[in-house]
Amino acid sequence: MKKLFVCIALFGSLWSCQQSDKVEGRYGDESWQATNAMSGEQLLAELEGKDSVQATVSGTISAVCQAKGCWMKMDMAGNDMLVKFKDYGYFVPMNSSDYSATVKGWAYVDTLSIADQQELIRDSNKSDEEKETAIAEVTSPKVKLSFLADGVIIE
């Protein structure tokens, strides 16, 4: 019986390791299509003069939370857009940087507090020394392009 338990545990851990390498796929709401997605330039133009817009946007993932995949950053026409996930209801793979992604939800301009900026740095993929330096440089709130995603498609 003990051998059976060990075999099941070993198989389960090997299976979960295999699954963690998969990046491509849908996360969150899966009921939408990536057709008519905006580029970063189009999103910035659409947001001009507004506080938020509902949008479907495509871009490249530039960073992902290394604690559990609870946020990601996307390059939007040279602007780093912080993407969080609706109701903290799903996460993306931590190894999805440099993949193309399409997100659907609400784009808005947000002010990140000093504490929030420091938390993002702690969860980043930087070395400990780089994190310490970056955290020390955070001295004031920062206005940032943000996105609350209902769903994400990673390609």
# chains A, B, ... in the order shown; residues from 1 in each chain; ligands from 1
$ residues_around --residues "A:Leu148" --least-positions-apart "2" --cutoff "6 Å" --atoms "only C-alpha atoms" --output "VMD selection string"
chain A and resid 83 to 86 105 to 106
$ closest_residue --among "A:Lys142, A:Lys104, A:Lys68, A:Arg122" --to "A:Gln33" --atoms "only C-alpha atoms"
A:Lys104
$ residues_around --residues "A:Pro93" --least-positions-apart "4" --cutoff "12 Å" --atoms "only C-alpha atoms" --output "PDB file with N, CA and C atoms, in the first residue's frame"
ATOM      1  N   GLN A  19       2.629  19.981 -16.816  1.00  0.00           N
ATOM      2  CA  GLN A  19       1.576  20.928 -17.096  1.00  0.00           C
ATOM      3  C   GLN A  19       2.059  22.370 -16.913  1.00  0.00           C
ATOM      4  N   SER A  20       2.994  22.623 -15.999  1.00  0.00           N
ATOM      5  CA  SER A  20       3.418  23.981 -15.711  1.00  0.00           C
ATOM      6  C   SER A  20       4.211  24.599 -16.860  1.00  0.00           C
ATOM      7  N   ASP A  21       4.732  23.801 -17.784  1.00  0.00           N
ATOM      8  CA  ASP A  21       5.485  24.334 -18.909  1.00  0.00           C
ATOM      9  C   ASP A  21       4.573  24.902 -19.985  1.00  0.00           C
ATOM     10  N   LYS A  22       3.313  24.534 -19.995  1.00  0.00           N
ATOM     11  CA  LYS A  22       2.374  24.993 -21.021  1.00  0.00           C
ATOM     12  C   LYS A  22       2.037  26.458 -20.782  1.00  0.00           C
ATOM     13  N   VAL A  23       2.209  27.260 -21.809  1.00  0.00           N
ATOM     14  CA  VAL A  23       1.926  28.686 -21.688  1.00  0.00           C
ATOM     15  C   VAL A  23       0.733  29.066 -22.551  1.00  0.00           C
ATOM     16  N   GLU A  24       0.741  28.634 -23.802  1.00  0.00           N
ATOM     17  CA  GLU A  24      -0.331  29.014 -24.717  1.00  0.00           C
ATOM     18  C   GLU A  24      -1.670  28.512 -24.200  1.00  0.00           C
ATOM     19  N   GLY A  25      -2.674  29.355 -24.368  1.00  0.00           N
ATOM     20  CA  GLY A  25      -4.014  28.949 -23.960  1.00  0.00           C
ATOM     21  C   GLY A  25      -4.858  30.126 -23.540  1.00  0.00           C
ATOM     22  N   ARG A  26      -6.035  29.799 -23.018  1.00  0.00           N
ATOM     23  CA  ARG A  26      -6.997  30.807 -22.559  1.00  0.00           C
ATOM     24  C   ARG A  26      -7.039  30.767 -21.044  1.00  0.00           C
ATOM     25  N   TYR A  27      -7.140  31.958 -20.468  1.00  0.00           N
ATOM     26  CA  TYR A  27      -7.189  32.093 -19.019  1.00  0.00           C
ATOM     27  C   TYR A  27      -8.330  33.042 -18.683  1.00  0.00           C
ATOM     28  N   ILE A  61       3.809  40.211 -23.856  1.00  0.00           N
ATOM     29  CA  ILE A  61       3.968  40.170 -22.397  1.00  0.00           C
ATOM     30  C   ILE A  61       5.427  40.487 -22.091  1.00  0.00           C
ATOM     31  N   ALA A  63       6.509  41.126 -18.670  1.00  0.00           N
ATOM     32  CA  ALA A  63       6.837  40.640 -17.324  1.00  0.00           C
ATOM     33  C   ALA A  63       5.607  39.970 -16.725  1.00  0.00           C
ATOM     34  N   VAL A  64       5.861  39.029 -15.795  1.00  0.00           N
ATOM     35  CA  VAL A  64       4.785  38.310 -15.108  1.00  0.00           C
ATOM     36  C   VAL A  64       5.162  38.190 -13.636  1.00  0.00           C
ATOM     37  N   CYS A  65       4.176  38.283 -12.767  1.00  0.00           N
ATOM     38  CA  CYS A  65       4.393  38.080 -11.338  1.00  0.00           C
ATOM     39  C   CYS A  65       5.057  36.718 -11.124  1.00  0.00           C
ATOM     40  N   GLN A  66       6.189  36.719 -10.431  1.00  0.00           N
ATOM     41  CA  GLN A  66       6.911  35.478 -10.195  1.00  0.00           C
ATOM     42  C   GLN A  66       6.498  34.794  -8.897  1.00  0.00           C
ATOM     43  N   ALA A  67       5.559  35.380  -8.165  1.00  0.00           N
ATOM     44  CA  ALA A  67       5.043  34.729  -6.962  1.00  0.00           C
ATOM     45  C   ALA A  67       3.984  33.697  -7.329  1.00  0.00           C
ATOM     46  N   LYS A  68       3.039  34.091  -8.237  1.00  0.00           N
ATOM     47  CA  LYS A  68       2.010  33.139  -8.649  1.00  0.00           C
ATOM     48  C   LYS A  68       1.346  33.450  -9.978  1.00  0.00           C
ATOM     49  N   GLY A  69       1.822  34.451 -10.701  1.00  0.00           N
ATOM     50  CA  GLY A  69       1.225  34.785 -11.995  1.00  0.00           C
ATOM     51  C   GLY A  69      -0.026  35.637 -11.864  1.00  0.00           C
ATOM     52  N   CYS A  70      -0.115  36.439 -10.800  1.00  0.00           N
ATOM     53  CA  CYS A  70      -1.337  37.200 -10.525  1.00  0.00           C
ATOM     54  C   CYS A  70      -1.391  38.555 -11.233  1.00  0.00           C
ATOM     55  N   TRP A  71      -0.365  38.945 -11.957  1.00  0.00           N
ATOM     56  CA  TRP A  71      -0.375  40.138 -12.807  1.00  0.00           C
ATOM     57  C   TRP A  71       0.638  39.926 -13.925  1.00  0.00           C
ATOM     58  N   MET A  72       0.510  40.739 -14.941  1.00  0.00           N
ATOM     59  CA  MET A  72       1.508  40.743 -16.003  1.00  0.00           C
ATOM     60  C   MET A  72       1.607  42.154 -16.552  1.00  0.00           C
ATOM     61  N   SER A  97       6.492  35.474 -20.197  1.00  0.00           N
ATOM     62  CA  SER A  97       7.135  36.673 -20.749  1.00  0.00           C
ATOM     63  C   SER A  97       7.588  36.407 -22.174  1.00  0.00           C
ATOM     64  N   ASP A  98       7.499  37.432 -23.010  1.00  0.00           N
ATOM     65  CA  ASP A  98       7.883  37.406 -24.423  1.00  0.00           C
ATOM     66  C   ASP A  98       6.879  36.692 -25.325  1.00  0.00           C
ATOM     67  N   TYR A  99       5.780  36.204 -24.770  1.00  0.00           N
ATOM     68  CA  TYR A  99       4.721  35.616 -25.585  1.00  0.00           C
ATOM     69  C   TYR A  99       3.759  36.721 -26.023  1.00  0.00           C
ATOM     70  N   VAL A 152      -7.694  36.299 -20.913  1.00  0.00           N
ATOM     71  CA  VAL A 152      -6.421  36.423 -21.615  1.00  0.00           C
ATOM     72  C   VAL A 152      -6.259  35.243 -22.549  1.00  0.00           C
ATOM     73  N   ILE A 153      -5.772  35.522 -23.750  1.00  0.00           N
ATOM     74  CA  ILE A 153      -5.390  34.465 -24.691  1.00  0.00           C
ATOM     75  C   ILE A 153      -3.891  34.640 -24.922  1.00  0.00           C
ATOM     76  N   ILE A 154      -3.110  33.623 -24.614  1.00  0.00           N
ATOM     77  CA  ILE A 154      -1.668  33.665 -24.854  1.00  0.00           C
ATOM     78  C   ILE A 154      -1.360  32.755 -26.033  1.00  0.00           C
TER      79      ILE A 154
END
$ residues_around --residues "A:Ala136" --least-positions-apart "5" --cutoff "12 Å" --atoms "only C-alpha atoms" --output "VMD selection string"
chain A and resid 114 to 115 117 to 118 121 to 122 129 to 131
$ residues_around --residues "A:Lys50" --least-positions-apart "3" --cutoff "12 Å" --atoms "only C-alpha atoms" --output "compact mmCIF listing (two decimals) with C-alpha atoms, in the first residue's frame"
# COMPACT_ATOMS: atom_id res chain seq x y z
CA LEU A 43 -5.64 51.81 -27.28
CA LEU A 44 -3.78 54.97 -26.32
CA ALA A 45 -5.72 56.95 -28.93
CA GLU A 46 -9.02 55.47 -27.73
CA LEU A 47 -8.22 56.37 -24.08
CA VAL A 53 -12.53 52.13 -22.15
CA GLN A 54 -13.69 48.60 -22.66
CA TRP A 106 -11.22 47.55 -19.12
CA ALA A 107 -8.25 49.79 -19.85
CA TYR A 108 -7.78 52.78 -17.55
CA VAL A 109 -5.21 55.13 -16.11
$ select_by_dssp --residues "stretch 7-145 of chain A" --states "helix (DSSP H, G or I)" --output "PyMOL selection string"
chain A and resi 7-20+40-47+86-88+114-122+128-137
$ write_last_selection --atoms "C-alpha atoms" --output "PDB file, in the first residue's frame"
ATOM      1  CA  CYS A   7       3.909   5.827  -7.017  1.00  0.00           C
ATOM      2  CA  ILE A   8       0.735   7.926  -7.137  1.00  0.00           C
ATOM      3  CA  ALA A   9       2.481  10.864  -5.473  1.00  0.00           C
ATOM      4  CA  LEU A  10       5.438  10.605  -7.868  1.00  0.00           C
ATOM      5  CA  PHE A  11       3.183  10.382 -10.916  1.00  0.00           C
ATOM      6  CA  GLY A  12       1.145  13.356  -9.702  1.00  0.00           C
ATOM      7  CA  SER A  13       4.206  15.529  -9.179  1.00  0.00           C
ATOM      8  CA  LEU A  14       5.659  14.579 -12.580  1.00  0.00           C
ATOM      9  CA  TRP A  15       2.320  15.312 -14.267  1.00  0.00           C
ATOM     10  CA  SER A  16       2.032  18.720 -12.572  1.00  0.00           C
ATOM     11  CA  CYS A  17       5.579  19.617 -13.634  1.00  0.00           C
ATOM     12  CA  GLN A  18       4.727  18.809 -17.235  1.00  0.00           C
ATOM     13  CA  GLN A  19       1.576  20.928 -17.096  1.00  0.00           C
ATOM     14  CA  SER A  20       3.418  23.981 -15.711  1.00  0.00           C
ATOM     15  CA  GLY A  40      -1.143  49.618 -28.243  1.00  0.00           C
ATOM     16  CA  GLU A  41      -1.268  52.771 -30.385  1.00  0.00           C
ATOM     17  CA  GLN A  42      -4.997  52.344 -30.991  1.00  0.00           C
ATOM     18  CA  LEU A  43      -5.644  51.806 -27.283  1.00  0.00           C
ATOM     19  CA  LEU A  44      -3.779  54.974 -26.320  1.00  0.00           C
ATOM     20  CA  ALA A  45      -5.724  56.951 -28.933  1.00  0.00           C
ATOM     21  CA  GLU A  46      -9.024  55.469 -27.726  1.00  0.00           C
ATOM     22  CA  LEU A  47      -8.217  56.368 -24.084  1.00  0.00           C
ATOM     23  CA  LYS A  86     -10.821  40.239 -12.745  1.00  0.00           C
ATOM     24  CA  ASP A  87     -11.774  39.215  -9.202  1.00  0.00           C
ATOM     25  CA  TYR A  88      -8.270  37.716  -8.760  1.00  0.00           C
ATOM     26  CA  ILE A 114       4.435  53.509  -3.284  1.00  0.00           C
ATOM     27  CA  ALA A 115       3.499  50.239  -1.526  1.00  0.00           C
ATOM     28  CA  ASP A 116       1.923  48.800  -4.704  1.00  0.00           C
ATOM     29  CA  GLN A 117       4.973  49.731  -6.775  1.00  0.00           C
ATOM     30  CA  GLN A 118       7.270  48.085  -4.233  1.00  0.00           C
ATOM     31  CA  GLU A 119       5.129  44.930  -4.201  1.00  0.00           C
ATOM     32  CA  LEU A 120       5.323  44.681  -8.001  1.00  0.00           C
ATOM     33  CA  ILE A 121       9.109  44.954  -7.778  1.00  0.00           C
ATOM     34  CA  ARG A 122       9.260  42.232  -5.099  1.00  0.00           C
ATOM     35  CA  ASP A 128      17.659  40.513  -5.152  1.00  0.00           C
ATOM     36  CA  GLU A 129      20.183  43.330  -5.636  1.00  0.00           C
ATOM     37  CA  GLU A 130      18.171  44.826  -8.519  1.00  0.00           C
ATOM     38  CA  LYS A 131      15.000  44.601  -6.427  1.00  0.00           C
ATOM     39  CA  GLU A 132      16.611  46.418  -3.484  1.00  0.00           C
ATOM     40  CA  THR A 133      17.868  49.205  -5.754  1.00  0.00           C
ATOM     41  CA  ALA A 134      14.518  49.557  -7.550  1.00  0.00           C
ATOM     42  CA  ILE A 135      12.545  49.589  -4.280  1.00  0.00           C
ATOM     43  CA  ALA A 136      14.805  52.328  -2.883  1.00  0.00           C
ATOM     44  CA  GLU A 137      14.134  54.438  -5.993  1.00  0.00           C
TER      45      GLU A 137
END
$ residues_around --residues "A:Asp80" --least-positions-apart "4" --cutoff "9 Å" --atoms "only C-alpha atoms" --output "VMD selection string"
chain A and resid 62 73 to 76 144 to 146
$ closest_residue --among "A:Leu112, A:Val103, A:Ala55, A:Met81" --to "A:Val143" --atoms "only C-alpha atoms"
A:Leu112
$ atom_distance --atom1 "atom CA of A:Trp32" --atom2 "atom CA of A:Asp51"
23.9 Å
